[in-house]
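> So that you have it, the file is query_26.txt, and it contains compact mmCIF, C-alpha atoms and all ligand atoms:
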# COMPACT_ATOMS: atom_id res chain seq x y z
CA MET A 28 -10.93 27.63 -9.05
CA THR A 29 -14.17 25.66 -9.09
CA GLU A 30 -15.47 24.29 -5.84
CA MET A 31 -17.37 21.03 -6.17
CA ASN A 32 -20.09 20.25 -3.65
CA ASN A 33 -21.29 16.88 -4.80
CA GLY A 34 -19.64 14.77 -2.13
CA PRO A 35 -16.80 14.51 0.34
CA GLU A 36 -13.26 14.08 -0.95
CA THR A 37 -12.13 12.14 2.08
CA LEU A 38 -13.76 9.25 3.82
CA LYS A 39 -15.12 10.01 7.25
CA GLY A 40 -14.68 7.55 10.05
CA GLU A 41 -12.83 4.93 8.00
CA ASP A 42 -11.16 2.48 10.29
CA TRP A 43 -8.56 0.52 8.38
CA ALA A 44 -6.74 -0.25 11.65
CA GLY A 45 -9.90 -1.96 12.90
CA GLU A 46 -13.14 -2.83 11.17
CA MET A 47 -12.15 -2.12 7.56
CA GLY A 48 -8.87 -3.99 7.86
CA ALA A 49 -10.71 -6.98 9.31
CA LYS A 50 -13.27 -6.78 6.50
CA TRP A 51 -10.51 -6.64 3.87
CA LEU A 52 -8.90 -9.72 5.42
CA ALA A 53 -12.19 -11.63 5.67
CA ASN A 54 -12.79 -11.07 1.95
CA LEU A 55 -9.14 -11.14 0.87
CA ALA A 56 -9.43 -13.58 -2.01
CA CYS A 57 -12.41 -11.73 -3.43
CA PHE A 58 -10.89 -8.23 -3.11
CA GLU A 59 -7.45 -9.29 -4.38
CA GLY A 60 -9.14 -11.07 -7.29
CA MET A 61 -11.04 -7.91 -8.22
CA ILE A 62 -7.88 -5.78 -8.34
CA ALA A 63 -5.50 -8.44 -9.68
CA PRO A 64 -5.32 -6.95 -13.20
CA ILE A 65 -4.30 -3.57 -11.74
CA GLY A 66 -1.64 -5.24 -9.64
CA GLU A 67 -0.26 -7.14 -12.63
CA ALA A 68 -0.11 -3.95 -14.71
CA LEU A 69 1.53 -1.96 -11.90
CA LEU A 70 4.10 -4.68 -11.21
CA ARG A 71 4.87 -4.86 -14.93
CA GLN A 72 5.31 -1.10 -15.03
CA ALA A 73 7.46 -1.10 -11.88
CA ASP A 74 9.78 -3.70 -13.42
CA PHE A 75 11.59 -4.48 -10.16
CA LYS A 76 15.17 -5.71 -10.42
CA PRO A 77 17.12 -8.09 -8.17
CA GLY A 78 18.84 -6.21 -5.37
CA GLU A 79 16.33 -3.39 -5.00
CA ARG A 80 14.98 -2.45 -1.56
CA VAL A 81 11.29 -1.66 -1.74
CA LEU A 82 8.50 -0.29 0.46
CA ASP A 83 4.95 -1.51 -0.23
CA ILE A 84 2.64 1.02 1.43
CA GLY A 85 -0.81 -0.07 2.58
CA CYS A 86 0.20 -3.60 1.65
CA GLY A 87 -3.05 -5.23 2.82
CA GLY A 88 -2.85 -9.02 2.76
CA GLY A 89 0.64 -8.93 1.24
CA GLY A 90 -0.12 -10.24 -2.25
CA THR A 91 1.89 -7.57 -4.06
CA THR A 92 4.55 -7.58 -1.34
CA ILE A 93 5.26 -11.26 -1.96
CA ALA A 94 5.36 -10.70 -5.73
CA ILE A 95 7.89 -7.88 -5.22
CA ALA A 96 10.01 -10.05 -2.88
CA LYS A 97 10.30 -12.67 -5.61
CA ALA A 98 11.23 -10.03 -8.21
CA VAL A 99 14.03 -8.46 -6.13
CA ALA A 100 15.46 -11.76 -4.78
CA PRO A 101 17.97 -12.93 -3.84
CA SER A 102 19.77 -9.80 -2.64
CA GLY A 103 16.86 -7.34 -2.55
CA GLU A 104 14.14 -7.06 0.04
CA VAL A 105 10.69 -5.61 0.54
CA VAL A 106 8.94 -4.20 3.59
CA GLY A 107 5.14 -4.12 3.63
CA ILE A 108 3.63 -1.43 5.82
CA ASP A 109 -0.01 -1.46 6.84
CA ILE A 110 -2.04 0.21 9.56
CA SER A 111 -4.09 -2.95 10.20
CA PRO A 112 -2.55 -5.43 12.67
CA ASP A 113 -4.88 -8.15 11.34
CA LEU A 114 -3.47 -7.68 7.85
CA THR A 115 0.22 -7.51 8.77
CA THR A 116 -0.12 -10.65 10.91
CA ALA A 117 -1.87 -12.49 8.09
CA SER A 118 0.69 -11.23 5.54
CA LEU A 119 3.60 -12.51 7.60
CA ARG A 120 1.98 -15.93 7.88
CA ARG A 121 1.28 -15.96 4.15
CA ALA A 122 4.89 -15.09 3.29
CA LYS A 123 6.16 -17.82 5.62
CA ASP A 124 3.78 -20.36 4.06
CA ALA A 125 5.08 -19.32 0.63
CA GLY A 126 8.69 -19.77 1.79
CA VAL A 127 9.55 -16.14 1.04
CA THR A 128 12.28 -14.85 3.34
CA ASN A 129 13.44 -11.49 1.92
CA ILE A 130 10.33 -9.79 3.24
CA GLY A 131 9.10 -8.00 6.36
CA PHE A 132 5.83 -6.51 7.52
CA ILE A 133 5.35 -3.59 9.88
CA CYS A 134 2.07 -2.50 11.40
CA ALA A 135 2.25 1.29 11.25
CA ASP A 136 0.67 4.41 9.83
CA GLY A 137 2.46 5.25 6.59
CA ALA A 138 1.96 8.93 7.39
CA THR A 139 4.31 8.82 10.36
CA VAL A 140 6.29 5.57 10.21
CA GLN A 141 10.04 5.83 10.75
CA LEU A 142 12.35 3.06 9.57
CA GLU A 143 15.86 2.45 10.89
CA ASP A 144 16.91 0.73 7.67
CA ALA A 145 15.90 3.62 5.41
CA PRO A 146 16.57 4.84 2.75
CA PHE A 147 14.83 2.51 0.31
CA ASP A 148 15.19 2.43 -3.49
CA ARG A 149 11.54 2.14 -4.43
CA LEU A 150 8.03 2.92 -3.17
CA PHE A 151 5.07 0.91 -4.42
CA SER A 152 1.40 0.75 -3.60
CA ARG A 153 -1.67 -0.81 -5.14
CA PHE A 154 -4.59 1.17 -3.74
CA GLY A 155 -2.95 1.69 -0.35
CA SER A 156 -1.92 5.34 -0.51
CA MET A 157 -5.24 7.22 -0.72
CA PHE A 158 -6.33 7.11 2.90
CA PHE A 159 -4.11 9.70 4.52
CA PRO A 160 -6.13 12.52 6.19
CA GLU A 161 -3.18 14.85 5.51
CA PRO A 162 -1.69 13.58 2.23
CA HIS A 163 1.02 16.27 1.92
CA LYS A 164 2.46 15.47 5.34
CA ALA A 165 2.14 11.72 4.72
CA PHE A 166 3.95 11.85 1.38
CA ALA A 167 6.65 14.09 2.87
CA ASN A 168 7.22 11.36 5.44
CA LEU A 169 7.29 8.62 2.79
CA HIS A 170 9.71 10.72 0.73
CA SER A 171 12.02 10.93 3.73
CA LEU A 172 12.28 7.11 3.71
CA LEU A 173 13.57 7.02 0.12
CA ARG A 174 16.98 7.63 -1.36
CA PRO A 175 17.36 10.61 -3.72
CA GLY A 176 16.01 9.68 -7.15
CA ALA A 177 13.99 6.74 -5.82
CA ARG A 178 11.13 5.67 -8.04
CA ILE A 179 7.48 5.64 -6.95
CA ASP A 180 4.79 3.44 -8.56
CA LEU A 181 1.23 3.92 -7.28
CA ALA A 182 -2.21 2.77 -8.35
CA VAL A 183 -4.95 4.96 -6.91
CA TRP A 184 -8.65 5.10 -7.49
CA GLY A 185 -10.74 8.23 -7.90
CA PRO A 186 -12.38 10.34 -5.22
CA PRO A 187 -14.74 8.65 -2.74
CA ARG A 188 -17.84 10.10 -4.40
CA ASP A 189 -16.95 8.00 -7.48
CA ASN A 190 -16.56 4.85 -5.38
CA LEU A 191 -19.95 4.21 -3.86
CA GLY A 192 -18.85 0.94 -2.26
CA PHE A 193 -16.61 2.92 0.08
CA MET A 194 -19.25 5.53 0.91
CA GLN A 195 -21.62 3.08 2.64
C1 LIG A 201 -7.70 -1.06 -0.61
S1 LIG A 201 -6.60 -1.87 0.51
C2 LIG A 201 -5.28 -2.36 -0.60
C3 LIG A 201 -4.40 -3.42 -0.01
C4 LIG A 201 -3.22 -3.89 -0.85
N1 LIG A 201 -2.37 -2.78 -1.25
C5 LIG A 201 -3.65 -4.68 -2.06
O1 LIG A 201 -3.53 -4.17 -3.18
O2 LIG A 201 -4.12 -5.81 -1.90
C6 LIG A 201 -5.93 -0.45 1.36
C7 LIG A 201 -4.90 -0.79 2.39
O3 LIG A 201 -4.31 0.41 2.90
C8 LIG A 201 -4.13 0.28 4.29
N2 LIG A 201 -4.02 1.60 4.91
C9 LIG A 201 -5.00 2.54 5.03
N3 LIG A 201 -4.54 3.64 5.64
C10 LIG A 201 -3.23 3.40 5.93
C11 LIG A 201 -2.20 4.17 6.56
N4 LIG A 201 -2.44 5.40 7.02
N5 LIG A 201 -0.97 3.61 6.67
C12 LIG A 201 -0.73 2.35 6.22
N6 LIG A 201 -1.67 1.59 5.62
C13 LIG A 201 -2.90 2.10 5.46
C14 LIG A 201 -5.34 -0.51 4.74
O4 LIG A 201 -5.20 -1.10 6.01
C15 LIG A 201 -5.50 -1.51 3.61
O5 LIG A 201 -4.78 -2.70 3.84
Once more with this new file: its structure as structure tokens, please.


Amino acid sequence: MTEMNNGPETLKGEDWAGEMGAKWLANLACFEGMIAPIGEALLRQADFKPGERVLDIGCGGGGTTIAIAKAVAPSGEVVGIDISPDLTTASLRRAKDAGVTNIGFICADGATVQLEDAPFDRLFSRFGSMFFPEPHKAFANLHSLLRPGARIDLAVWGPPRDNLGFMQ
């Protein structure tokens, strides 16, 4: 095994529940615009069907969550989970403004969240699943929220040392 020493693999002191969540919200149109092509490709790949029940982890400002809600309507539903209260509040308002009703948002840590209406059929995330300090435990928890055979579609970026914007 080769040990690499050219940078940390996890971000230190990131505060998505506070400062970083607020920053993401303040620049939402810009950030969502930058990653829109990834979202379109991931949604195309996910190919959601009406009736499916979906979790959108680290849902941010809810752009993908709303797109999923439309794809699984009328009988399906989607729950967006995010650790930032600023973002879940804004997402709820955005969904209401868009007239989307088969959608919910929960402010919680995806690593530990428990959901009474589990299990879900699908797990989705555009760049919202890379921030768990203990990824194995977090994904074990997410797995426990899914039905057997549930499908997972994730977009993730590379390690922090390759993403200088997030190292500042
Ligand atoms: C890069 S943003 C992506 C947002 C959204 N998925 C999108 O594509 O627009 C990462 C998101 O993950 C959320 N997040 C980070 N750690 C989290 C955790 N432990 N549980 C839930 N959400 C988390 C952040 O608050 C943020 O909204």

> Can you work out which residues are within 7 Å of ligand LIG 201 (chain A), considering only C-alpha atoms and all ligand atoms, and then hand them over as a PyMOL selection string?

chain A and resi 43-44+48+51+59+62+66+84-91+108-111+114+135-138+152-156+158-159

> When you look at region 74-77 of chain A with a cut-off of 8 Å (counting all atoms listed in the file), what residues show up, excluding the ones that are within fewer than 4 positions of it in the same chain? I need them as a list in words.

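So, after excluding close chain neighbours, the residues are Leu70, Ile95, Ala98, Val99, Ala100, Pro101, Ser102 and Gly103 of chain A.
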
> Restricting the output to C-alpha atoms, write the selected residues as a PDB file, keeping the file's coordinate frame.


ATOM      1  CA  LEU A  70       4.100  -4.680 -11.210  1.00  0.00           C
ATOM      2  CA  ILE A  95       7.890  -7.880  -5.220  1.00  0.00           C
ATOM      3  CA  ALA A  98      11.230 -10.030  -8.210  1.00  0.00           C
ATOM      4  CA  VAL A  99      14.030  -8.460  -6.130  1.00  0.00           C
ATOM      5  CA  ALA A 100      15.460 -11.760  -4.780  1.00  0.00           C
ATOM      6  CA  PRO A 101      17.970 -12.930  -3.840  1.00  0.00           C
ATOM      7  CA  SER A 102      19.770  -9.800  -2.640  1.00  0.00           C
ATOM      8  CA  GLY A 103      16.860  -7.340  -2.550  1.00  0.00           C
TER       9      GLY A 103
END

> Work out how far apart CA of Ser171 (chain A) and CA of Glu41 (chain A) are and give it in Å to one decimal.

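CA of Glu41 (chain A) lies 25.9 Å from CA of Ser171 (chain A).
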
> Counting all atoms listed in the file, what is within 8 Å of region 173-185 of chain A, bar same-chain residues fewer than 4 positions away, as a ChimeraX atom specification?

/A:65,69,72-73,145-157,169,189-190

> So how far away is CA of Ile130 (chain A) from CA of Glu143 (chain A), in Å?

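Those two atoms sit 15.5 Å apart.
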
> What is the CA of Thr115 (chain A)-CA of Thr139 (chain A) distance in Å, reported with one decimal?

16.9 Å

> Determine the axis-aligned bounding box of all atoms of region 99-112 of chain A present in the file, pad each side by 4 Å, and express its centre and edge lengths in Å to one decimal place as AutoDock Vina command-line options.


--center_x 7.8 --center_y -6.4 --center_z 3.3 --size_x 31.9 --size_y 21.1 --size_z 26.8

> For Val106 (chain A), which of A:Ala165, A:Ile93, A:Ala53, A:Met47 is the closest residue, counting all atoms listed in the file?

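Answer, going by the shortest atom-to-atom distance: A:Ile93.
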
> Closest to Arg71 (chain A) among A:Phe58, A:Ala94, A:Leu172, A:Val140, using all atoms listed in the file?

A:Ala94

> Counting all atoms listed in the file, figure out which residue out of A:Ser118, A:Pro160, A:Gly131, A:Ala63 gets nearest to Asp144 (chain A).

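Using all atoms listed in the file, the shortest distance to Asp144 (chain A) belongs to A:Gly131.
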